[in-house]
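Trainee: What follows is final.tsv, made up of TSV, C-alpha atoms:
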```tsv
chain	number	residue	atom	x	y	z
A	274	MET	CA	-8.00	10.08	46.39
A	275	LYS	CA	-8.43	12.26	43.34
A	276	THR	CA	-7.45	10.91	39.94
A	277	ARG	CA	-4.77	13.59	39.60
A	278	ASP	CA	-3.23	12.57	42.92
A	279	ALA	CA	-3.32	8.89	41.92
A	280	ILE	CA	-1.52	9.69	38.67
A	281	GLY	CA	1.07	11.71	40.58
A	282	LEU	CA	1.58	8.80	42.99
A	283	ALA	CA	2.00	6.41	40.07
A	284	LEU	CA	4.64	8.67	38.47
A	285	THR	CA	6.41	8.93	41.82
A	286	GLN	CA	6.51	5.14	42.07
A	287	ILE	CA	8.05	5.00	38.57
A	288	ARG	CA	10.80	7.44	39.59
A	289	VAL	CA	11.52	5.65	42.85
A	290	GLN	CA	11.47	2.11	41.43
A	291	LYS	CA	12.98	2.63	37.98
A	292	LEU	CA	14.00	-0.99	37.24
A	293	LYS	CA	10.69	-2.49	38.32
A	294	SER	CA	8.79	0.17	36.37
A	295	ALA	CA	10.89	-0.49	33.28
A	296	PHE	CA	9.95	-4.17	33.33
A	297	THR	CA	6.33	-3.18	33.96
A	298	LEU	CA	6.26	-0.98	30.85
A	299	LEU	CA	8.27	-3.30	28.59
A	300	GLY	CA	5.50	-5.61	27.37
A	301	VAL	CA	3.07	-2.79	26.56
A	302	THR	CA	5.84	-0.74	24.93
A	303	ILE	CA	6.88	-3.58	22.62
A	304	GLY	CA	3.28	-4.41	21.72
A	305	VAL	CA	2.35	-0.82	20.89
A	306	MET	CA	5.63	-0.26	19.03
A	307	PHE	CA	4.95	-3.11	16.60
A	308	LEU	CA	1.28	-2.14	16.33
A	309	ILE	CA	2.15	1.43	15.28
A	310	ALA	CA	4.87	0.22	12.90
A	311	VAL	CA	2.58	-2.30	11.16
A	312	VAL	CA	-0.32	0.14	10.84
A	313	SER	CA	2.02	2.87	9.55
A	314	ILE	CA	3.47	0.60	6.87
A	315	VAL	CA	0.02	-0.66	5.81
A	316	GLU	CA	-1.46	2.85	5.78
A	317	GLY	CA	1.54	4.14	3.83
A	318	MET	CA	1.19	1.35	1.31
A	319	GLY	CA	-2.50	2.09	0.85
A	320	LYS	CA	-1.87	5.81	0.40
A	321	TYR	CA	1.01	5.07	-1.98
A	322	VAL	CA	-1.16	2.77	-4.08
A	323	GLU	CA	-4.06	5.20	-4.31
A	324	GLU	CA	-2.12	8.42	-4.85
A	325	ASP	CA	1.09	7.35	-6.56
A	326	PHE	CA	0.97	3.79	-7.88
A	327	ALA	CA	-2.45	4.15	-9.55
A	328	ALA	CA	-1.72	7.51	-11.11
A	329	ARG	CA	1.77	6.66	-12.38
A	330	LEU	CA	1.44	3.01	-13.37
A	331	ILE	CA	-2.17	2.87	-14.57
A	332	GLY	CA	-3.28	6.47	-15.02
A	333	SER	CA	-5.80	8.63	-13.18
A	334	ASN	CA	-9.54	8.23	-13.87
A	335	THR	CA	-9.08	5.35	-16.28
A	336	PHE	CA	-10.56	2.02	-17.25
A	337	THR	CA	-8.86	-0.55	-19.45
A	338	LEU	CA	-10.24	-2.85	-22.12
A	339	ARG	CA	-8.47	-6.24	-22.06
A	340	ARG	CA	-9.17	-9.76	-23.23
A	341	PHE	CA	-9.36	-11.03	-19.63
A	342	SER	CA	-10.67	-9.24	-16.57
A	343	ASN	CA	-9.03	-11.26	-13.79
A	344	VAL	CA	-6.29	-9.18	-12.20
A	345	GLY	CA	-3.78	-9.79	-9.41
A	346	PRO	CA	-3.47	-12.52	-6.79
A	347	GLY	CA	-6.82	-14.04	-6.04
A	348	GLY	CA	-8.22	-12.72	-9.33
A	349	ASN	CA	-8.48	-16.23	-10.74
A	350	ARG	CA	-11.31	-17.31	-8.44
A	351	GLY	CA	-14.08	-18.66	-10.61
A	352	PHE	CA	-11.86	-18.30	-13.65
A	353	ASP	CA	-12.61	-20.89	-16.31
A	354	ALA	CA	-9.38	-21.15	-18.31
A	355	ARG	CA	-10.91	-23.32	-21.04
A	356	SER	CA	-13.76	-20.94	-21.82
A	357	ALA	CA	-11.50	-17.91	-21.39
A	358	GLN	CA	-9.15	-19.17	-24.08
A	359	ARG	CA	-12.08	-19.12	-26.49
A	360	ARG	CA	-12.44	-15.38	-26.00
A	361	PRO	CA	-11.62	-13.39	-29.13
A	362	LEU	CA	-8.48	-11.29	-29.19
A	363	ILE	CA	-8.73	-7.52	-28.93
A	364	ARG	CA	-8.25	-6.09	-32.44
A	365	MET	CA	-8.62	-2.74	-34.16
A	366	PRO	CA	-12.37	-3.10	-34.92
A	367	ASP	CA	-12.94	-3.47	-31.16
A	368	VAL	CA	-10.85	-0.38	-30.48
A	369	ASP	CA	-12.64	1.61	-33.17
A	370	ALA	CA	-16.06	0.58	-31.78
A	371	VAL	CA	-15.11	1.68	-28.24
A	372	ARG	CA	-13.63	4.97	-29.43
A	373	ALA	CA	-16.75	5.74	-31.44
A	374	ALA	CA	-19.03	4.99	-28.45
A	375	ILE	CA	-17.33	6.79	-25.58
A	376	PRO	CA	-17.92	10.53	-25.02
A	377	ALA	CA	-15.72	12.91	-26.98
A	378	THR	CA	-14.30	14.26	-23.71
A	379	MET	CA	-12.56	10.96	-23.04
A	380	LYS	CA	-9.07	10.14	-24.30
A	381	SER	CA	-7.88	6.67	-25.22
A	382	SER	CA	-4.59	4.97	-25.95
A	383	ILE	CA	-3.64	1.56	-27.32
A	384	ALA	CA	-0.98	-0.06	-25.13
A	385	SER	CA	0.88	-3.35	-25.43
A	386	GLU	CA	3.96	-3.99	-23.31
A	387	THR	CA	6.43	-6.66	-22.32
A	388	PHE	CA	10.10	-6.99	-21.41
A	389	LYS	CA	12.57	-7.29	-24.28
A	390	TYR	CA	16.33	-7.06	-24.56
A	391	ALA	CA	17.71	-3.84	-25.99
A	392	SER	CA	21.20	-3.02	-27.20
A	393	ALA	CA	23.28	-0.06	-28.36
A	394	PRO	CA	26.90	0.33	-29.50
A	395	GLY	CA	29.32	0.27	-26.58
A	396	ALA	CA	26.80	-0.91	-23.97
A	397	ARG	CA	25.83	-4.30	-22.60
A	398	PRO	CA	22.40	-5.63	-23.70
A	399	ARG	CA	19.76	-5.10	-21.04
A	400	GLN	CA	16.07	-5.76	-20.58
A	401	VAL	CA	13.75	-2.81	-21.06
A	402	GLN	CA	9.99	-2.50	-20.75
A	403	ALA	CA	9.02	-2.29	-24.40
A	404	VAL	CA	5.75	-0.44	-25.01
A	405	ALA	CA	3.83	-0.18	-28.29
A	406	THR	CA	1.32	2.64	-28.12
A	407	ASP	CA	0.11	5.91	-29.64
A	408	ALA	CA	0.61	9.61	-28.98
A	409	ASN	CA	-2.06	9.90	-26.24
A	410	TYR	CA	-0.14	7.50	-24.01
A	411	PHE	CA	2.17	10.21	-22.66
A	412	ASP	CA	-0.75	12.41	-21.54
A	413	ILE	CA	-2.76	9.57	-19.98
A	414	LYS	CA	0.25	8.24	-18.09
A	415	ASN	CA	1.49	11.74	-17.26
A	416	PHE	CA	4.92	11.07	-18.76
A	417	PRO	CA	6.40	14.49	-19.61
A	418	VAL	CA	9.30	14.37	-22.06
A	419	THR	CA	12.22	16.49	-20.83
A	420	VAL	CA	14.78	15.75	-23.54
A	421	GLY	CA	13.66	15.85	-27.17
A	422	ARG	CA	9.97	15.16	-27.79
A	423	ALA	CA	7.26	12.51	-27.84
A	424	PHE	CA	6.19	10.97	-31.15
A	425	THR	CA	3.22	12.45	-33.00
A	426	ASP	CA	0.00	11.07	-34.50
A	427	GLN	CA	1.56	11.46	-37.95
A	428	GLU	CA	4.50	9.25	-36.91
A	429	VAL	CA	2.05	6.70	-35.50
A	430	ARG	CA	0.11	6.62	-38.78
A	431	ALA	CA	3.39	6.26	-40.71
A	432	GLY	CA	4.68	3.49	-38.44
A	433	ALA	CA	7.91	5.43	-37.87
A	434	ARG	CA	10.79	3.66	-36.13
A	435	VAL	CA	11.10	6.27	-33.40
A	436	ILE	CA	11.34	5.61	-29.68
A	437	VAL	CA	11.05	7.51	-26.39
A	438	ILE	CA	13.03	6.08	-23.48
A	439	GLY	CA	13.19	6.36	-19.70
A	440	THR	CA	16.09	7.92	-17.80
A	441	GLU	CA	17.42	4.54	-16.65
A	442	VAL	CA	17.56	3.32	-20.25
A	443	ALA	CA	19.27	6.54	-21.32
A	444	GLU	CA	21.88	6.34	-18.55
A	445	HIS	CA	22.68	2.68	-19.28
A	446	PHE	CA	22.94	2.81	-23.07
A	447	PHE	CA	24.11	6.42	-23.55
A	448	PRO	CA	26.04	7.41	-20.38
A	449	GLY	CA	27.10	11.06	-20.44
A	450	LEU	CA	25.60	11.54	-23.91
A	451	ASN	CA	22.49	13.16	-25.31
A	452	PRO	CA	20.44	10.14	-26.47
A	453	GLU	CA	18.42	12.19	-28.97
A	454	GLY	CA	19.07	11.01	-32.52
A	455	ARG	CA	20.99	7.89	-31.46
A	456	GLN	CA	20.03	4.34	-32.31
A	457	LEU	CA	18.63	1.78	-29.85
A	458	ARG	CA	17.89	-1.78	-30.93
A	459	VAL	CA	14.96	-3.57	-29.28
A	460	ALA	CA	14.86	-7.32	-30.01
A	461	GLY	CA	17.37	-6.62	-32.77
A	462	VAL	CA	15.22	-4.00	-34.52
A	463	PRO	CA	16.74	-0.47	-34.75
A	464	PHE	CA	14.81	2.58	-33.50
A	465	THR	CA	15.84	6.23	-33.41
A	466	VAL	CA	15.66	7.85	-29.97
A	467	ILE	CA	13.68	11.11	-30.15
A	468	GLY	CA	13.04	11.80	-26.46
A	469	VAL	CA	13.64	10.95	-22.82
A	470	ILE	CA	10.85	10.85	-20.22
A	471	GLU	CA	11.17	12.78	-16.99
A	472	LYS	CA	12.48	10.59	-14.15
A	473	GLN	CA	9.56	8.66	-12.61
A	474	GLY	CA	11.31	6.79	-9.81
A	475	SER	CA	10.05	3.41	-8.63
A	476	VAL	CA	6.90	1.83	-7.27
A	477	PHE	CA	7.42	-0.94	-4.65
A	478	GLY	CA	10.96	-1.36	-6.00
A	479	PHE	CA	9.78	-1.63	-9.64
A	480	SER	CA	11.52	1.00	-11.76
A	481	LEU	CA	9.34	3.18	-13.99
A	482	ASP	CA	12.38	4.49	-15.85
A	483	ARG	CA	13.11	1.36	-17.91
A	484	ASN	CA	10.55	2.21	-20.60
A	485	ALA	CA	11.22	2.07	-24.32
A	486	ILE	CA	8.07	3.43	-26.01
A	487	ALA	CA	7.42	3.30	-29.75
A	488	PRO	CA	4.38	3.59	-32.05
A	489	TYR	CA	2.23	0.43	-32.10
A	490	THR	CA	2.21	0.63	-35.91
A	491	SER	CA	6.01	0.35	-36.01
A	492	PRO	CA	7.88	-2.96	-35.76
A	493	MET	CA	7.51	-2.61	-31.96
A	494	GLY	CA	3.88	-3.74	-32.32
A	495	ARG	CA	4.97	-6.99	-33.99
A	496	ILE	CA	7.81	-7.49	-31.49
A	497	ILE	CA	5.40	-7.38	-28.55
A	498	ARG	CA	2.26	-8.91	-30.15
A	499	PRO	CA	3.27	-11.21	-33.03
A	500	ALA	CA	-0.42	-12.04	-33.65
A	501	ARG	CA	-0.95	-8.31	-34.36
A	502	ASP	CA	-3.65	-8.14	-31.70
A	503	ILE	CA	-3.81	-5.46	-29.02
A	504	SER	CA	-3.05	-6.06	-25.36
A	505	SER	CA	-5.18	-3.24	-23.98
A	506	LEU	CA	-6.98	0.02	-24.66
A	507	ILE	CA	-6.72	2.58	-21.86
A	508	VAL	CA	-9.59	5.08	-21.65
A	509	GLN	CA	-9.26	8.18	-19.49
A	510	ALA	CA	-12.23	10.25	-18.34
A	511	PRO	CA	-12.06	13.92	-17.26
A	512	ALA	CA	-13.19	12.89	-13.76
A	513	GLN	CA	-13.76	9.71	-11.76
A	514	ALA	CA	-17.52	10.30	-11.81
A	515	ASP	CA	-17.54	10.04	-15.63
A	516	LEU	CA	-16.07	6.52	-15.70
A	517	PRO	CA	-19.33	4.53	-15.28
A	518	ASP	CA	-20.94	6.20	-18.32
A	519	GLY	CA	-17.84	5.60	-20.41
A	520	MET	CA	-17.64	1.96	-19.34
A	521	GLU	CA	-21.32	1.32	-20.15
A	522	ALA	CA	-20.92	2.93	-23.56
A	523	ALA	CA	-17.83	0.77	-24.27
A	524	ARG	CA	-19.55	-2.39	-23.01
A	525	GLY	CA	-22.64	-1.78	-25.15
A	526	ALA	CA	-20.59	-1.09	-28.27
A	527	LEU	CA	-18.46	-4.23	-27.85
A	528	ARG	CA	-21.41	-6.50	-27.09
A	529	SER	CA	-23.20	-5.21	-30.17
A	530	LEU	CA	-20.10	-5.63	-32.35
A	531	ARG	CA	-19.57	-9.19	-31.15
A	532	GLY	CA	-23.24	-10.17	-31.36
A	533	LEU	CA	-23.65	-11.07	-27.70
A	534	ARG	CA	-27.28	-11.70	-26.70
A	535	ALA	CA	-28.90	-10.54	-23.48
A	536	GLY	CA	-27.92	-12.87	-20.64
A	537	GLU	CA	-24.64	-13.91	-22.27
A	538	PRO	CA	-21.57	-12.87	-20.26
A	539	ASP	CA	-19.05	-10.41	-21.64
A	540	ASP	CA	-16.21	-12.02	-23.58
A	541	PHE	CA	-13.86	-9.16	-22.72
A	542	GLY	CA	-12.72	-7.36	-19.59
A	543	LEU	CA	-13.24	-3.75	-18.55
A	544	ILE	CA	-10.94	-3.08	-15.62
A	545	THR	CA	-11.00	-0.08	-13.32
A	546	GLN	CA	-8.41	1.01	-10.79
A	547	ASP	CA	-10.53	-0.47	-8.00
A	548	ALA	CA	-10.59	-3.87	-9.71
A	549	ALA	CA	-6.90	-3.72	-10.53
A	550	PHE	CA	-5.97	-2.99	-6.93
A	551	GLY	CA	-8.50	-5.23	-5.21
A	552	PHE	CA	-5.65	-7.56	-4.32
A	553	ILE	CA	-3.79	-4.70	-2.64
A	554	LYS	CA	-6.80	-4.16	-0.34
A	555	GLN	CA	-6.84	-7.88	0.45
A	556	LEU	CA	-3.11	-7.73	1.17
A	557	LYS	CA	-3.61	-4.74	3.48
A	558	GLY	CA	-6.25	-6.65	5.44
A	559	ARG	CA	-4.01	-9.69	5.81
A	560	LEU	CA	-1.02	-7.60	6.83
A	561	VAL	CA	-3.07	-5.92	9.55
A	562	LEU	CA	-4.38	-9.30	10.72
A	563	PHE	CA	-1.00	-11.04	10.86
A	564	GLY	CA	0.86	-7.89	11.87
A	565	THR	CA	-1.25	-7.40	14.98
A	566	ALA	CA	-0.74	-10.98	16.18
A	567	LEU	CA	2.71	-10.25	17.68
A	568	PRO	CA	1.62	-6.98	19.31
A	569	ALA	CA	-1.41	-8.78	20.78
A	570	ILE	CA	0.84	-11.42	22.35
A	571	SER	CA	3.12	-8.69	23.72
A	572	LEU	CA	0.16	-6.82	25.18
A	573	VAL	CA	-1.08	-9.98	26.91
A	574	VAL	CA	2.40	-10.54	28.35
A	575	GLY	CA	2.53	-6.88	29.35
A	576	ALA	CA	-0.84	-7.17	31.10
A	577	MET	CA	0.38	-10.21	33.07
A	578	VAL	CA	3.55	-8.37	34.10
A	579	ILE	CA	1.54	-5.31	35.20
A	580	MET	CA	-0.82	-7.50	37.20
A	581	ASN	CA	2.04	-9.23	39.00
A	582	ILE	CA	3.86	-5.97	39.69
A	583	MET	CA	0.66	-4.46	41.07
A	584	LEU	CA	0.16	-7.50	43.30
A	585	VAL	CA	3.66	-6.94	44.66
A	586	ALA	CA	2.81	-3.25	45.17
A	587	VAL	CA	-0.32	-4.21	47.12
A	588	ALA	CA	1.75	-6.50	49.36
A	589	GLU	CA	4.40	-3.81	49.92
A	590	ARG	CA	1.82	-1.11	50.70
A	591	THR	CA	-0.52	-3.16	52.92
A	592	ARG	CA	0.13	-0.96	55.97
A	593	GLU	CA	-0.50	2.20	53.88
A	594	ILE	CA	-3.83	0.73	52.71
A	595	GLY	CA	-4.72	-0.04	56.34
A	596	VAL	CA	-3.97	3.55	57.41
A	597	ARG	CA	-6.10	4.95	54.58
A	598	LYS	CA	-9.01	2.66	55.45
A	599	ALA	CA	-8.72	3.58	59.12
A	600	LEU	CA	-8.97	7.24	58.14
A	601	GLY	CA	-12.21	6.61	56.26
A	602	ALA	CA	-11.17	5.57	52.74
A	603	LYS	CA	-13.80	3.44	51.06
A	604	ARG	CA	-13.27	0.32	48.95
A	605	ALA	CA	-13.98	2.36	45.82
A	606	ASP	CA	-11.22	4.84	46.78
A	607	ILE	CA	-8.62	2.10	47.22
A	608	MET	CA	-9.69	0.34	44.07
A	609	SER	CA	-9.64	3.50	41.94
A	610	GLN	CA	-6.17	4.38	43.28
A	611	PHE	CA	-4.62	1.11	42.10
A	612	LEU	CA	-6.55	1.10	38.84
A	613	VAL	CA	-5.33	4.61	38.01
A	614	GLU	CA	-1.77	3.61	38.89
A	615	ALA	CA	-1.96	0.55	36.61
A	616	ALA	CA	-3.56	2.57	33.77
A	617	THR	CA	-0.90	5.30	34.15
A	618	LEU	CA	1.92	2.77	33.94
A	619	SER	CA	0.38	1.10	30.90
A	620	THR	CA	-0.43	4.39	29.13
A	621	LEU	CA	3.12	5.62	29.69
A	622	GLY	CA	4.39	2.37	28.17
A	623	ALA	CA	2.03	2.89	25.22
A	624	ALA	CA	3.30	6.45	24.71
A	625	ILE	CA	6.91	5.23	24.63
A	626	GLY	CA	5.85	2.45	22.24
A	627	ILE	CA	4.19	5.00	19.92
A	628	GLY	CA	7.43	6.96	19.63
A	629	LEU	CA	9.49	3.81	19.02
A	630	GLY	CA	6.89	2.49	16.54
A	631	ILE	CA	6.99	5.70	14.48
A	632	GLY	CA	10.79	5.54	14.50
A	633	LEU	CA	10.75	1.87	13.43
A	634	ALA	CA	8.31	2.63	10.59
A	635	GLU	CA	10.55	5.47	9.36
A	636	ILE	CA	13.62	3.20	9.45
A	637	ILE	CA	11.78	0.50	7.44
A	638	ALA	CA	10.64	3.15	4.94
A	639	ALA	CA	14.21	4.44	4.57
A	640	LEU	CA	15.82	1.01	4.11
A	641	THR	CA	13.14	-0.72	1.99
A	642	PRO	CA	10.72	0.17	-0.85
A	643	LEU	CA	7.84	0.06	1.65
A	644	PRO	CA	6.41	3.51	2.39
A	645	ALA	CA	5.16	4.62	5.80
A	646	ALA	CA	2.37	6.98	6.82
A	647	VAL	CA	1.44	7.36	10.47
A	648	ALA	CA	-2.35	7.27	10.87
A	649	PRO	CA	-3.58	9.64	13.63
A	650	TRP	CA	-6.27	7.13	14.60
A	651	SER	CA	-3.61	4.50	15.32
A	652	ILE	CA	-1.97	6.79	17.91
A	653	ALA	CA	-5.29	7.36	19.65
A	654	ALA	CA	-6.08	3.63	19.46
A	655	ALA	CA	-2.67	2.77	20.94
A	656	LEU	CA	-3.18	5.11	23.88
A	657	VAL	CA	-6.68	3.76	24.54
A	658	THR	CA	-5.35	0.20	24.22
A	659	GLY	CA	-2.55	0.99	26.67
A	660	ALA	CA	-4.97	2.41	29.22
A	661	GLY	CA	-7.33	-0.54	28.68
A	662	VAL	CA	-4.56	-3.07	29.21
A	663	GLY	CA	-3.58	-1.32	32.43
A	664	ILE	CA	-7.14	-1.23	33.77
A	665	ALA	CA	-7.73	-4.88	32.85
A	666	ALA	CA	-4.45	-5.93	34.45
A	667	GLY	CA	-5.05	-3.83	37.55
A	668	LEU	CA	-8.57	-5.06	38.31
A	669	TYR	CA	-7.55	-8.09	40.37
A	670	PRO	CA	-4.78	-6.36	42.39
A	671	ALA	CA	-7.05	-3.34	42.99
A	672	SER	CA	-9.91	-5.57	44.10
A	673	ARG	CA	-7.59	-7.48	46.41
A	674	ALA	CA	-6.29	-4.25	47.92
A	675	SER	CA	-9.80	-2.89	48.44
A	676	ARG	CA	-10.88	-6.03	50.33
A	677	LEU	CA	-8.06	-5.90	52.89
A	678	ASP	CA	-9.21	-5.74	56.50
A	679	PRO	CA	-7.90	-2.46	57.96
A	680	ILE	CA	-6.99	-3.97	61.37
A	681	THR	CA	-5.05	-6.86	59.75
A	682	ALA	CA	-3.41	-4.41	57.35
A	683	LEU	CA	-2.29	-2.09	60.18
A	684	ARG	CA	-0.58	-5.01	61.94
A	685	GLN	CA	1.45	-5.71	58.78
A	686	GLU	CA	5.13	-4.84	59.18
```
Transcribe the structure of this file into structure tokens.
Mentor:
Amino acid sequence: MKTRDAIGLALTQIRVQKLKSAFTLLGVTIGVMFLIAVVSIVEGMGKYVEEDFAARLIGSNTFTLRRFSNVGPGGNRGFDARSAQRRPLIRMPDVDAVRAAIPATMKSSIASETFKYASAPGARPRQVQAVATDANYFDIKNFPVTVGRAFTDQEVRAGARVIVIGTEVAEHFFPGLNPEGRQLRVAGVPFTVIGVIEKQGSVFGFSLDRNAIAPYTSPMGRIIRPARDISSLIVQAPAQADLPDGMEAARGALRSLRGLRAGEPDDFGLITQDAAFGFIKQLKGRLVLFGTALPAISLVVGAMVIMNIMLVAVAERTREIGVRKALGAKRADIMSQFLVEAATLSTLGAAIGIGLGIGLAEIIAALTPLPAAVAPWSIAAALVTGAGVGIAAGLYPASRASRLDPITALRQE
């Protein structure tokens, strides 16, 4: 029997025995559905982190100078808290040394941030993300100001009490009003609003529109960093390929400034996007590992169901097998017929599961902050897995059918 004819026979069996076929497909369908949904969520999260989260929350093509270099869950491995606390704070001489060493094509911005309560007349106090920085911050973070303006280098040098806020802050404290020129108090200190940033949305449910950004030389610097140190210096290169040179220049300048000898470890951290999101990659791997456990169980159950259904089919079609053998069909012909039928059933179940999995991923993306992106390779893998499950499940029934004695089979009623 040709493969095409075997597939046609399998589809005919599905139409004739709808209930039995539905149970046959169920295990594979459920397994593939969850497999596609998990992979879509994980792929979407990875794409979101690389293309959106990194660019909007950290900045494209950047590295960051901080006191510590350990970042994210799992970043504390090998972290010696006692020795780390002896690290010097980041201060202006460190910033000046880095800025003097990096290429002139690179931009840099001081940035210190924390959550503080803000207040305004007629509105309830609310936490905002207070940021103390300089004028380059808006370019590096790609924060266009749509109402009013950003503060200037002159205002930074003067320590002016001006502030640029996010849309969420503007809507809460100044509903229906133009915030420009109005007063916003952060930790009790008054600032004059001069601009509102374009709406940024959220990242994994964390709003990027709660910012309240003021010059680091203003009282905002003391509010956030009472010791007058600096939380971080963000350096942006024109392209990703330029980052290693900039980092080496910054490292050399800081080591020289701090008198570190060859062989001594750095007493500061230079963090890239890859380092900052290393924990996201670990999380993706774990999600795939744990997320495929349930589909794997479903596929095993589906394989067992297919095998049992095919055994029943062999018993029901014993006389047919006898007729075919009597007419000259070989063992390989009988075996291939049942294997193709099992693979067709399983592949059809996988195809249905792919559609349901894509739908489930879209529903999760719509109802939660988790994004979804269907990976083309996952669809191909699901179809191959479906066919593989069917072939594996059909091996024993097909072998049993091929070994039937034609005379005994023809006597079967």
Trainee: One number please: CA of Ala405 (chain A) to CA of Gln513 (chain A), in Å, one decimal.
Mentor: 26.1 Å
Trainee: So what do you get for CA of Ser385 (chain A) versus CA of Tyr489 (chain A), distance-wise?
Mentor: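 One can read the CA of Ser385 (chain A) to CA of Tyr489 (chain A) distance as 7.8 Å.
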Trainee: I'd like the neighbourhood of Ala648 (chain A) as number ranges by chain, where a residue qualifies if any of its atoms comes within 7 Å (using all atoms listed in the file), though same-chain residues fewer than 3 positions away should be ignored.
Mentor: A: 313, 316, 651
Trainee: Which residue, A:Leu530, A:Asp367, A:His445, A:Pro670, has the smallest gap to Ile582 (chain A) when you use only C-alpha atoms?
Mentor: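 Of the candidates, the smallest distance to Ile582 (chain A) is held by A:Pro670.
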Trainee: Please identify all polymer residues lying at most 12 Å from the point (-2.7, 5.7, 21.3) (file coordinates), using all atoms listed in the file, and present the result as a PyMOL selection string.
Mentor: chain A and resi 301-302+304-306+308-309+619-628+630-631+647-662
Trainee: Should you be able to, write region 390-438 of chain A of this structure into a file that contains C-alpha atoms, as a PDB file, in the first residue's frame.
Mentor:
```
ATOM      1  CA  TYR A 390       6.862  59.645  48.117  1.00  0.00           C
ATOM      2  CA  ALA A 391       5.752  62.691  46.162  1.00  0.00           C
ATOM      3  CA  SER A 392       2.907  65.100  46.836  1.00  0.00           C
ATOM      4  CA  ALA A 393       1.083  68.006  45.206  1.00  0.00           C
ATOM      5  CA  PRO A 394      -1.850  70.202  46.274  1.00  0.00           C
ATOM      6  CA  GLY A 395      -5.172  68.402  45.908  1.00  0.00           C
ATOM      7  CA  ALA A 396      -3.713  64.929  45.304  1.00  0.00           C
ATOM      8  CA  ARG A 397      -2.925  61.986  47.541  1.00  0.00           C
ATOM      9  CA  PRO A 398       0.801  61.323  48.188  1.00  0.00           C
ATOM     10  CA  ARG A 399       2.138  58.536  46.016  1.00  0.00           C
ATOM     11  CA  GLN A 400       5.425  56.772  45.417  1.00  0.00           C
ATOM     12  CA  VAL A 401       7.368  57.809  42.340  1.00  0.00           C
ATOM     13  CA  GLN A 402      10.656  56.584  40.920  1.00  0.00           C
ATOM     14  CA  ALA A 403      12.907  59.482  41.823  1.00  0.00           C
ATOM     15  CA  VAL A 404      15.915  59.866  39.506  1.00  0.00           C
ATOM     16  CA  ALA A 405      18.890  62.193  39.966  1.00  0.00           C
ATOM     17  CA  THR A 406      20.773  62.567  36.713  1.00  0.00           C
ATOM     18  CA  ASP A 407      22.057  64.953  34.043  1.00  0.00           C
ATOM     19  CA  ALA A 408      20.889  66.176  30.649  1.00  0.00           C
ATOM     20  CA  ASN A 409      22.253  63.206  28.643  1.00  0.00           C
ATOM     21  CA  TYR A 410      19.942  60.817  30.479  1.00  0.00           C
ATOM     22  CA  PHE A 411      16.978  61.544  28.203  1.00  0.00           C
ATOM     23  CA  ASP A 412      18.949  60.719  25.035  1.00  0.00           C
ATOM     24  CA  ILE A 413      20.554  57.548  26.427  1.00  0.00           C
ATOM     25  CA  LYS A 414      17.237  56.240  27.737  1.00  0.00           C
ATOM     26  CA  ASN A 415      15.357  57.447  24.659  1.00  0.00           C
ATOM     27  CA  PHE A 416      12.865  59.430  26.754  1.00  0.00           C
ATOM     28  CA  PRO A 417      11.410  62.098  24.430  1.00  0.00           C
ATOM     29  CA  VAL A 418       9.701  64.970  26.242  1.00  0.00           C
ATOM     30  CA  THR A 419       6.295  65.717  24.701  1.00  0.00           C
ATOM     31  CA  VAL A 420       5.071  68.439  27.066  1.00  0.00           C
ATOM     32  CA  GLY A 421       7.470  71.233  28.005  1.00  0.00           C
ATOM     33  CA  ARG A 422      11.173  70.368  27.841  1.00  0.00           C
ATOM     34  CA  ALA A 423      14.006  68.446  29.468  1.00  0.00           C
ATOM     35  CA  PHE A 424      16.431  70.254  31.766  1.00  0.00           C
ATOM     36  CA  THR A 425      19.681  71.608  30.325  1.00  0.00           C
ATOM     37  CA  ASP A 426      23.373  71.323  31.218  1.00  0.00           C
ATOM     38  CA  GLN A 427      23.206  74.875  32.584  1.00  0.00           C
ATOM     39  CA  GLU A 428      20.393  73.876  34.961  1.00  0.00           C
ATOM     40  CA  VAL A 429      22.416  70.838  36.032  1.00  0.00           C
ATOM     41  CA  ARG A 430      25.451  73.014  36.789  1.00  0.00           C
ATOM     42  CA  ALA A 431      23.228  75.450  38.719  1.00  0.00           C
ATOM     43  CA  GLY A 432      21.518  72.672  40.693  1.00  0.00           C
ATOM     44  CA  ALA A 433      18.103  74.002  39.645  1.00  0.00           C
ATOM     45  CA  ARG A 434      15.021  72.579  41.358  1.00  0.00           C
ATOM     46  CA  VAL A 435      13.374  71.514  38.121  1.00  0.00           C
ATOM     47  CA  ILE A 436      11.825  68.144  37.390  1.00  0.00           C
ATOM     48  CA  VAL A 437      10.592  66.108  34.411  1.00  0.00           C
ATOM     49  CA  ILE A 438       7.848  63.589  35.151  1.00  0.00           C
TER      50      ILE A 438
END
```
